[in-house]
Amino acid sequence: MKVLQIDSNHPLIEQQLREKGFVVDEDTTSSSEQILAKIAAYDALIVRSRIPLNAEFLMRASHLKFIARVGAGMENIDTDKARELGIKLINSPEGNRDAVAEHVIGALLLLAHRLKSASLEVEKGLWRREQNRGDELLGKTFGLIGYGNMGKATAKRLSGFGMEVIFYDIKPGLEDHNAKQVSLETLQEKADIVSLHVPFTHATHHMIDKDFIAKMAKPFYFINTARGKALKTKDLVEALESGKVRAAALDVIEHEKASFETLDSSDPSLTYLASSPRVLLTPHIAGWTIQSKEKLAQFIVDKILSDFS
């Protein structure tokens with residue numbers, strides 16, 4: 001099979017596929033139009049997020065047998081059209097679940113114990129102890145929204161903190177020994193922390209908005225390592241100002257470009273978030289570790305070889 005990689009990935013993908021007889025080409029710089037002009041010559045695509053694969057693209061890719069997305073989210077691919085055309089879709093959410101889980105724990109500890117604000121103040125010569133008194137996690141309720149690979153990995157790591165861990169997911173029967181499945185209403189009633197672990201779909205677009213926040217019974221910490229567009233940013237700003245959201249960690253931003261490589265910084269909400277000591281902003285790196293780069297690639301190769309070797 002002739003395979004085209006259009007994003008930079010771990011070299012093990014090319015190496016292992018070539019060893020199994022695949023022809024692997026790489027083009028990480030050509031535009032969407034340039035890729036489109038030659039895509040009919042390939043049997044498979046390996047992608048991350050650089051180029052959206054819409055219906056027109058897929059119809060021109062007349063010989064594609066599979067598309068492998070090195071990562072979890074598939075929103076840059078017209079999945080309905082791909083299935084209609086008989087193109088198998090492969091992704092590797094298992095590869096960065098551990099990285100995301102660790103990021104969530106680190107972000108929560110940083111916010112609850114005021115490590116960001118305290119460190120910034122000490123750098124400025126301020127030594128303020130009472131103003132930086134921390135908030136212990138013991139006895140709190142951690143609410144996960146979404147209980148797939150990322151949610152489950154996060155729940156597993158929460159087991160030693162003495163918190164009650166609950167989750168809401170549209171799929172029934174996902175409860176395990178690490179977390180209890182509840183209704184969304186129960187999560188909103190009980191949770192002291194809310195962490196998002198959902199894909200981007202029409203249903204999850206702006207699911208965290210003014211209405212969701214109003215239904216939360218208690219002031220809460222908010223963490224988003226999923227997709228930026230799941231949050232209505234201006235509503236979060238209002239909740240931070242009112243105190244309904246105690247602090248927030250955002251690894252993904254509503255105004256990220258589709259490639260996740262750049263950010264539209266014109267939204268005035270970003271100015272507030274960037275200047276707030278109660279907000280942690282990171283550039284979509286929760287799943288971005290040395291280890292996850294290799295694991296994401298290895299899961300992709302294993303799945304390709306399972307179906308097409």
# chains A, B, ... in the order shown; residues from 1 in each chain; ligands from 1
>>> residues_around(residues="segment 28-37 of chain A", least_positions_apart="2", cutoff="12 Å", atoms="only C-alpha atoms", output="number ranges by chain")
A: 4-9, 25-26, 39-42, 45-62
>>> residues_around(residues="Arg157 of chain A", least_positions_apart="4", cutoff="9 Å", atoms="only C-alpha atoms", output="MDAnalysis selection string")
chainID A and resid 101:102 105 152:153 161 178
>>> write_last_selection(atoms="N, CA, C and O atoms", output="mmCIF file, in the first residue's frame")
data_model
loop_
_atom_site.group_PDB
_atom_site.id
_atom_site.type_symbol
_atom_site.label_atom_id
_atom_site.label_comp_id
_atom_site.auth_asym_id
_atom_site.auth_seq_id
_atom_site.Cartn_x
_atom_site.Cartn_y
_atom_site.Cartn_z
ATOM 1 N N ALA A 101 -4.064 12.790 31.783
ATOM 2 C CA ALA A 101 -4.431 12.565 33.179
ATOM 3 C C ALA A 101 -3.456 13.262 34.130
ATOM 4 O O ALA A 101 -3.864 13.909 35.103
ATOM 5 N N GLU A 102 -2.174 13.142 33.861
ATOM 6 C CA GLU A 102 -1.178 13.798 34.715
ATOM 7 C C GLU A 102 -1.299 15.315 34.639
ATOM 8 O O GLU A 102 -1.140 16.022 35.648
ATOM 9 N N ILE A 105 -4.182 16.506 36.885
ATOM 10 C CA ILE A 105 -3.826 16.490 38.311
ATOM 11 C C ILE A 105 -2.891 17.654 38.640
ATOM 12 O O ILE A 105 -3.072 18.358 39.634
ATOM 13 N N LYS A 152 -11.133 8.010 32.035
ATOM 14 C CA LYS A 152 -10.792 6.843 32.856
ATOM 15 C C LYS A 152 -9.375 6.941 33.411
ATOM 16 O O LYS A 152 -9.123 6.589 34.572
ATOM 17 N N ALA A 153 -8.443 7.405 32.589
ATOM 18 C CA ALA A 153 -7.063 7.545 33.059
ATOM 19 C C ALA A 153 -6.965 8.578 34.174
ATOM 20 O O ALA A 153 -6.196 8.412 35.130
ATOM 21 N N PHE A 161 -6.296 10.568 46.348
ATOM 22 C CA PHE A 161 -6.461 11.913 46.905
ATOM 23 C C PHE A 161 -7.593 12.018 47.932
ATOM 24 O O PHE A 161 -7.829 13.092 48.475
ATOM 25 N N ASN A 178 -13.070 2.987 39.902
ATOM 26 C CA ASN A 178 -12.429 4.292 40.090
ATOM 27 C C ASN A 178 -13.420 5.449 40.145
ATOM 28 O O ASN A 178 -13.082 6.517 40.664
#
>>> atom_distance(atom1="atom CA of His103 of chain A", atom2="atom CA of Tyr272 of chain A")
22.7 Å
>>> select_by_dssp(residues="segment 18-256 of chain A", states="helix (DSSP H, G or I)", output="number ranges by chain")
A: 18-19, 32-41, 55-60, 79-84, 93-112, 115-123, 130-132, 149-158, 184-190, 210-214, 228-230, 233-242
>>> residues_around(residues="Leu17 of chain A", least_positions_apart="6", cutoff="9 Å", atoms="only C-alpha atoms", output="ChimeraX atom specification")
/A:23-24,301,304-305,309
>>> residues_around(residues="segment 187-191 of chain A", least_positions_apart="6", cutoff="6 Å", atoms="only C-alpha atoms", output="PyMOL selection string")
chain A and resi 141-143+216-217
>>> write_last_selection(atoms="all heavy atoms", output="compact mmCIF listing (two decimals), in the first residue's frame")
# COMPACT_ATOMS: atom_id res chain seq x y z
N THR A 141 -15.47 16.50 45.83
CA THR A 141 -16.04 15.65 44.79
C THR A 141 -15.55 16.12 43.44
O THR A 141 -15.71 17.29 43.08
CB THR A 141 -17.58 15.68 44.82
OG1 THR A 141 -18.03 15.18 46.08
CG2 THR A 141 -18.16 14.82 43.71
N PHE A 142 -14.92 15.21 42.72
CA PHE A 142 -14.36 15.50 41.40
C PHE A 142 -15.33 14.96 40.35
O PHE A 142 -15.63 13.78 40.32
CB PHE A 142 -13.00 14.82 41.24
CG PHE A 142 -12.19 15.29 40.07
CD1 PHE A 142 -11.09 16.11 40.24
CD2 PHE A 142 -12.53 14.91 38.78
CE1 PHE A 142 -10.33 16.53 39.16
CE2 PHE A 142 -11.79 15.34 37.69
CZ PHE A 142 -10.69 16.16 37.88
N GLY A 143 -15.81 15.85 39.47
CA GLY A 143 -16.76 15.46 38.44
C GLY A 143 -16.16 15.47 37.06
O GLY A 143 -15.71 16.51 36.57
N MET A 216 -24.72 24.66 38.55
CA MET A 216 -23.76 24.11 39.51
C MET A 216 -24.14 24.60 40.91
O MET A 216 -24.28 25.81 41.13
CB MET A 216 -22.34 24.53 39.15
CG MET A 216 -21.80 23.90 37.89
SD MET A 216 -21.54 22.11 38.01
CE MET A 216 -20.25 22.02 39.26
N ALA A 217 -24.29 23.68 41.84
CA ALA A 217 -24.77 24.04 43.18
C ALA A 217 -23.72 24.79 43.98
O ALA A 217 -24.06 25.62 44.85
CB ALA A 217 -25.21 22.78 43.92
>>> select_by_dssp(residues="segment 32-73 of chain A", states="strand (DSSP E or B)", output="NGL selection string")
:A and (44-47 or 53 or 66-69)
>>> write_last_selection(atoms="all heavy atoms", output="mmCIF file, in the first residue's frame")
data_model
loop_
_atom_site.group_PDB
_atom_site.id
_atom_site.type_symbol
_atom_site.label_atom_id
_atom_site.label_comp_id
_atom_site.auth_asym_id
_atom_site.auth_seq_id
_atom_site.Cartn_x
_atom_site.Cartn_y
_atom_site.Cartn_z
ATOM 1 N N ALA A 44 -3.608 5.387 1.402
ATOM 2 C CA ALA A 44 -3.842 5.688 2.813
ATOM 3 C C ALA A 44 -3.226 7.024 3.185
ATOM 4 O O ALA A 44 -2.255 7.473 2.563
ATOM 5 C CB ALA A 44 -3.256 4.583 3.687
ATOM 6 N N LEU A 45 -3.796 7.640 4.219
ATOM 7 C CA LEU A 45 -3.309 8.908 4.752
ATOM 8 C C LEU A 45 -3.030 8.763 6.238
ATOM 9 O O LEU A 45 -3.836 8.151 6.967
ATOM 10 C CB LEU A 45 -4.366 9.998 4.574
ATOM 11 C CG LEU A 45 -4.304 10.938 3.377
ATOM 12 C CD1 LEU A 45 -5.516 11.868 3.401
ATOM 13 C CD2 LEU A 45 -3.019 11.745 3.363
ATOM 14 N N ILE A 46 -1.942 9.344 6.707
ATOM 15 C CA ILE A 46 -1.660 9.451 8.136
ATOM 16 C C ILE A 46 -1.574 10.933 8.456
ATOM 17 O O ILE A 46 -0.783 11.668 7.850
ATOM 18 C CB ILE A 46 -0.359 8.720 8.519
ATOM 19 C CG1 ILE A 46 -0.488 7.229 8.194
ATOM 20 C CG2 ILE A 46 -0.056 8.911 9.999
ATOM 21 C CD1 ILE A 46 0.771 6.421 8.451
ATOM 22 N N VAL A 47 -2.411 11.387 9.381
ATOM 23 C CA VAL A 47 -2.577 12.821 9.625
ATOM 24 C C VAL A 47 -2.559 13.111 11.116
ATOM 25 O O VAL A 47 -2.716 12.221 11.958
ATOM 26 C CB VAL A 47 -3.908 13.329 9.021
ATOM 27 C CG1 VAL A 47 -3.999 12.991 7.540
ATOM 28 C CG2 VAL A 47 -5.118 12.743 9.759
ATOM 29 N N LEU A 53 -9.867 17.427 6.269
ATOM 30 C CA LEU A 53 -10.242 16.467 5.224
ATOM 31 C C LEU A 53 -11.754 16.517 5.063
ATOM 32 O O LEU A 53 -12.495 15.743 5.677
ATOM 33 C CB LEU A 53 -9.773 15.057 5.595
ATOM 34 C CG LEU A 53 -8.287 14.926 5.973
ATOM 35 C CD1 LEU A 53 -7.936 13.466 6.250
ATOM 36 C CD2 LEU A 53 -7.381 15.494 4.885
ATOM 37 N N PHE A 66 -7.717 3.757 4.094
ATOM 38 C CA PHE A 66 -7.853 4.180 5.491
ATOM 39 C C PHE A 66 -7.233 5.564 5.691
ATOM 40 O O PHE A 66 -6.378 6.010 4.920
ATOM 41 C CB PHE A 66 -7.224 3.164 6.457
ATOM 42 C CG PHE A 66 -5.721 3.088 6.445
ATOM 43 C CD1 PHE A 66 -4.934 3.989 7.155
ATOM 44 C CD2 PHE A 66 -5.064 2.068 5.755
ATOM 45 C CE1 PHE A 66 -3.550 3.907 7.160
ATOM 46 C CE2 PHE A 66 -3.676 1.968 5.741
ATOM 47 C CZ PHE A 66 -2.925 2.895 6.449
ATOM 48 N N ILE A 67 -7.724 6.237 6.744
ATOM 49 C CA ILE A 67 -7.125 7.469 7.252
ATOM 50 C C ILE A 67 -6.778 7.209 8.711
ATOM 51 O O ILE A 67 -7.642 6.811 9.498
ATOM 52 C CB ILE A 67 -8.084 8.664 7.159
ATOM 53 C CG1 ILE A 67 -8.458 8.952 5.707
ATOM 54 C CG2 ILE A 67 -7.457 9.915 7.806
ATOM 55 C CD1 ILE A 67 -9.595 9.966 5.558
ATOM 56 N N ALA A 68 -5.524 7.417 9.073
ATOM 57 C CA ALA A 68 -5.073 7.222 10.447
ATOM 58 C C ALA A 68 -4.771 8.578 11.069
ATOM 59 O O ALA A 68 -3.913 9.311 10.574
ATOM 60 C CB ALA A 68 -3.836 6.333 10.493
ATOM 61 N N ARG A 69 -5.485 8.921 12.113
ATOM 62 C CA ARG A 69 -5.281 10.179 12.834
ATOM 63 C C ARG A 69 -4.430 9.899 14.062
ATOM 64 O O ARG A 69 -4.846 9.154 14.957
ATOM 65 C CB ARG A 69 -6.642 10.763 13.220
ATOM 66 C CG ARG A 69 -6.628 11.744 14.393
ATOM 67 C CD ARG A 69 -6.131 13.123 13.998
ATOM 68 N NE ARG A 69 -6.563 14.126 14.969
ATOM 69 C CZ ARG A 69 -5.797 14.634 15.941
ATOM 70 N NH1 ARG A 69 -4.539 14.232 16.083
ATOM 71 N NH2 ARG A 69 -6.280 15.539 16.758
#
>>> atom_distance(atom1="atom CA of Arg128 of chain A", atom2="atom CA of Ala107 of chain A")
21.5 Å
>>> atom_distance(atom1="atom CA of Asp169 of chain A", atom2="atom CA of Phe220 of chain A")
19.4 Å
>>> residues_around(residues="Leu110 of chain A", least_positions_apart="2", cutoff="12 Å", atoms="only C-alpha atoms", output="compact mmCIF listing (two decimals) with N, CA, C and O atoms, in the first residue's frame")
# COMPACT_ATOMS: atom_id res chain seq x y z
N HIS A 103 -1.58 15.83 33.45
CA HIS A 103 -1.74 17.28 33.29
C HIS A 103 -2.91 17.78 34.13
O HIS A 103 -2.82 18.83 34.79
N VAL A 104 -4.03 17.04 34.11
CA VAL A 104 -5.20 17.45 34.89
C VAL A 104 -4.86 17.52 36.37
O VAL A 104 -5.21 18.50 37.05
N ILE A 105 -4.18 16.51 36.89
CA ILE A 105 -3.83 16.49 38.31
C ILE A 105 -2.89 17.65 38.64
O ILE A 105 -3.07 18.36 39.63
N GLY A 106 -1.90 17.86 37.79
CA GLY A 106 -0.96 18.96 38.03
C GLY A 106 -1.64 20.31 38.02
O GLY A 106 -1.37 21.17 38.87
N ALA A 107 -2.53 20.52 37.05
CA ALA A 107 -3.23 21.80 36.96
C ALA A 107 -4.11 22.04 38.17
O ALA A 107 -4.16 23.16 38.71
N LEU A 108 -4.81 21.00 38.63
CA LEU A 108 -5.68 21.16 39.79
C LEU A 108 -4.88 21.50 41.04
O LEU A 108 -5.26 22.39 41.81
N ALA A 112 -5.51 24.86 43.19
CA ALA A 112 -6.07 24.74 44.53
C ALA A 112 -5.09 25.22 45.60
O ALA A 112 -5.50 25.81 46.61
N HIS A 113 -3.83 24.99 45.38
CA HIS A 113 -2.82 25.42 46.36
C HIS A 113 -2.15 26.74 45.99
O HIS A 113 -1.12 27.10 46.55
N ARG A 114 -2.74 27.43 45.04
CA ARG A 114 -2.34 28.79 44.66
C ARG A 114 -0.85 28.89 44.31
O ARG A 114 -0.17 29.88 44.59
N LEU A 115 -0.33 27.85 43.68
CA LEU A 115 1.09 27.83 43.36
C LEU A 115 1.45 28.84 42.28
O LEU A 115 2.55 29.42 42.31
N LYS A 116 0.55 29.06 41.32
CA LYS A 116 0.83 30.04 40.27
C LYS A 116 0.92 31.44 40.86
O LYS A 116 1.91 32.15 40.66
N SER A 117 -0.12 31.85 41.59
CA SER A 117 -0.14 33.22 42.12
C SER A 117 0.99 33.45 43.12
O SER A 117 1.64 34.50 43.11
N ALA A 118 1.24 32.46 43.97
CA ALA A 118 2.30 32.61 44.98
C ALA A 118 3.66 32.75 44.32
O ALA A 118 4.48 33.59 44.70
N SER A 119 3.92 31.94 43.30
CA SER A 119 5.21 32.00 42.62
C SER A 119 5.40 33.33 41.92
O SER A 119 6.48 33.94 42.00
N ASN A 132 -2.25 33.54 50.15
CA ASN A 132 -2.02 32.38 49.30
C ASN A 132 -2.28 31.07 50.04
O ASN A 132 -1.71 30.03 49.70
N GLY A 134 -3.81 27.68 50.76
CA GLY A 134 -4.30 26.69 49.81
C GLY A 134 -5.64 26.07 50.19
O GLY A 134 -6.19 26.33 51.26
N ASP A 135 -6.14 25.24 49.30
CA ASP A 135 -7.43 24.58 49.44
C ASP A 135 -7.22 23.09 49.21
O ASP A 135 -6.88 22.67 48.10
N GLU A 136 -7.38 22.26 50.25
CA GLU A 136 -7.10 20.84 50.13
C GLU A 136 -8.15 20.11 49.29
O GLU A 136 -9.32 20.47 49.29
N LEU A 137 -7.69 19.07 48.61
CA LEU A 137 -8.58 18.27 47.78
C LEU A 137 -9.30 17.19 48.57
O LEU A 137 -10.37 16.72 48.15
N TYR A 221 -13.95 24.46 40.69
CA TYR A 221 -12.77 24.57 39.83
C TYR A 221 -13.13 23.95 38.48
O TYR A 221 -13.82 22.93 38.42
N ILE A 223 -11.61 22.58 34.68
CA ILE A 223 -10.43 22.17 33.90
C ILE A 223 -10.91 21.70 32.53
O ILE A 223 -11.82 20.88 32.43
N ALA A 247 -11.48 28.88 40.09
CA ALA A 247 -10.26 28.98 39.27
C ALA A 247 -10.43 28.06 38.09
O ALA A 247 -11.26 27.15 38.10
N ALA A 248 -9.64 28.29 37.04
CA ALA A 248 -9.79 27.50 35.82
C ALA A 248 -8.44 27.20 35.21
O ALA A 248 -7.52 28.03 35.22
N ALA A 249 -8.33 25.99 34.67
CA ALA A 249 -7.15 25.58 33.89
C ALA A 249 -7.62 25.23 32.49
O ALA A 249 -8.42 24.32 32.31
N PRO A 277 -4.60 35.65 38.02
CA PRO A 277 -3.81 34.68 38.78
C PRO A 277 -4.59 33.40 39.09
O PRO A 277 -4.02 32.42 39.54
N ARG A 278 -5.90 33.43 38.82
CA ARG A 278 -6.74 32.25 39.08
C ARG A 278 -6.97 31.42 37.82
O ARG A 278 -7.79 30.51 37.82
N VAL A 279 -6.24 31.73 36.78
CA VAL A 279 -6.39 30.99 35.52
C VAL A 279 -5.03 30.50 35.04
O VAL A 279 -4.06 31.25 35.01
N LEU A 280 -4.99 29.22 34.69
CA LEU A 280 -3.80 28.63 34.09
C LEU A 280 -4.09 28.36 32.62
O LEU A 280 -5.04 27.67 32.28
N LEU A 281 -3.29 28.96 31.74
CA LEU A 281 -3.43 28.76 30.30
C LEU A 281 -2.20 28.03 29.77
O LEU A 281 -1.06 28.44 30.04
>>> residues_around(residues="Lys171 of chain A", least_positions_apart="3", cutoff="12 Å", atoms="only C-alpha atoms", output="PDB file with N, CA, C and O atoms, in the first residue's frame")
ATOM      1  N   ILE A 145     -16.708  14.955  33.016  1.00  0.00           N
ATOM      2  CA  ILE A 145     -17.709  14.905  31.956  1.00  0.00           C
ATOM      3  C   ILE A 145     -17.056  14.226  30.758  1.00  0.00           C
ATOM      4  O   ILE A 145     -16.152  14.780  30.126  1.00  0.00           O
ATOM      5  N   GLY A 146     -17.505  13.006  30.486  1.00  0.00           N
ATOM      6  CA  GLY A 146     -16.875  12.155  29.484  1.00  0.00           C
ATOM      7  C   GLY A 146     -16.017  11.111  30.168  1.00  0.00           C
ATOM      8  O   GLY A 146     -15.167  11.438  31.010  1.00  0.00           O
ATOM      9  N   TYR A 147     -16.269   9.831  29.851  1.00  0.00           N
ATOM     10  CA  TYR A 147     -15.521   8.762  30.523  1.00  0.00           C
ATOM     11  C   TYR A 147     -14.972   7.761  29.509  1.00  0.00           C
ATOM     12  O   TYR A 147     -15.194   6.562  29.585  1.00  0.00           O
ATOM     13  N   GLY A 148     -14.240   8.313  28.552  1.00  0.00           N
ATOM     14  CA  GLY A 148     -13.507   7.488  27.604  1.00  0.00           C
ATOM     15  C   GLY A 148     -12.089   7.283  28.094  1.00  0.00           C
ATOM     16  O   GLY A 148     -11.822   7.216  29.300  1.00  0.00           O
ATOM     17  N   PHE A 167     -18.780  10.701  37.433  1.00  0.00           N
ATOM     18  CA  PHE A 167     -18.698  11.126  36.039  1.00  0.00           C
ATOM     19  C   PHE A 167     -20.061  11.055  35.377  1.00  0.00           C
ATOM     20  O   PHE A 167     -20.936  10.275  35.769  1.00  0.00           O
ATOM     21  N   TYR A 168     -20.200  11.896  34.337  1.00  0.00           N
ATOM     22  CA  TYR A 168     -21.367  11.854  33.462  1.00  0.00           C
ATOM     23  C   TYR A 168     -20.898  11.505  32.062  1.00  0.00           C
ATOM     24  O   TYR A 168     -19.921  12.062  31.571  1.00  0.00           O
ATOM     25  N   LEU A 174     -20.794   2.534  32.182  1.00  0.00           N
ATOM     26  CA  LEU A 174     -19.345   2.722  32.139  1.00  0.00           C
ATOM     27  C   LEU A 174     -18.702   2.732  33.528  1.00  0.00           C
ATOM     28  O   LEU A 174     -17.485   2.811  33.638  1.00  0.00           O
ATOM     29  N   GLU A 175     -19.496   2.659  34.565  1.00  0.00           N
ATOM     30  CA  GLU A 175     -18.965   2.766  35.932  1.00  0.00           C
ATOM     31  C   GLU A 175     -17.940   1.672  36.207  1.00  0.00           C
ATOM     32  O   GLU A 175     -18.073   0.527  35.750  1.00  0.00           O
ATOM     33  N   GLN A 181     -20.838   6.453  37.970  1.00  0.00           N
ATOM     34  CA  GLN A 181     -21.583   7.135  36.909  1.00  0.00           C
ATOM     35  C   GLN A 181     -22.861   7.742  37.482  1.00  0.00           C
ATOM     36  O   GLN A 181     -23.607   7.090  38.211  1.00  0.00           O
ATOM     37  N   VAL A 182     -23.090   9.032  37.144  1.00  0.00           N
ATOM     38  CA  VAL A 182     -24.251   9.763  37.662  1.00  0.00           C
ATOM     39  C   VAL A 182     -24.891  10.551  36.516  1.00  0.00           C
ATOM     40  O   VAL A 182     -24.333  10.678  35.431  1.00  0.00           O
ATOM     41  N   SER A 183     -26.058  11.103  36.788  1.00  0.00           N
ATOM     42  CA  SER A 183     -26.698  11.996  35.826  1.00  0.00           C
ATOM     43  C   SER A 183     -25.957  13.331  35.817  1.00  0.00           C
ATOM     44  O   SER A 183     -25.217  13.664  36.753  1.00  0.00           O
ATOM     45  N   VAL A 198     -14.456  15.320  26.613  1.00  0.00           N
ATOM     46  CA  VAL A 198     -15.411  14.990  25.552  1.00  0.00           C
ATOM     47  C   VAL A 198     -14.825  15.354  24.186  1.00  0.00           C
ATOM     48  O   VAL A 198     -14.016  16.266  24.070  1.00  0.00           O
TER      49      VAL A 198
END
>>> residues_around(residues="Glu256 of chain A", least_positions_apart="3", cutoff="12 Å", atoms="only C-alpha atoms", output="ChimeraX atom specification")
/A:49,227-230,250-253,259-267,270,282-284
>>> closest_residue(among="A:Lys180, A:Ile77, A:Leu109, A:Lys232", to="Ile193 of chain A", atoms="only C-alpha atoms")
A:Leu109
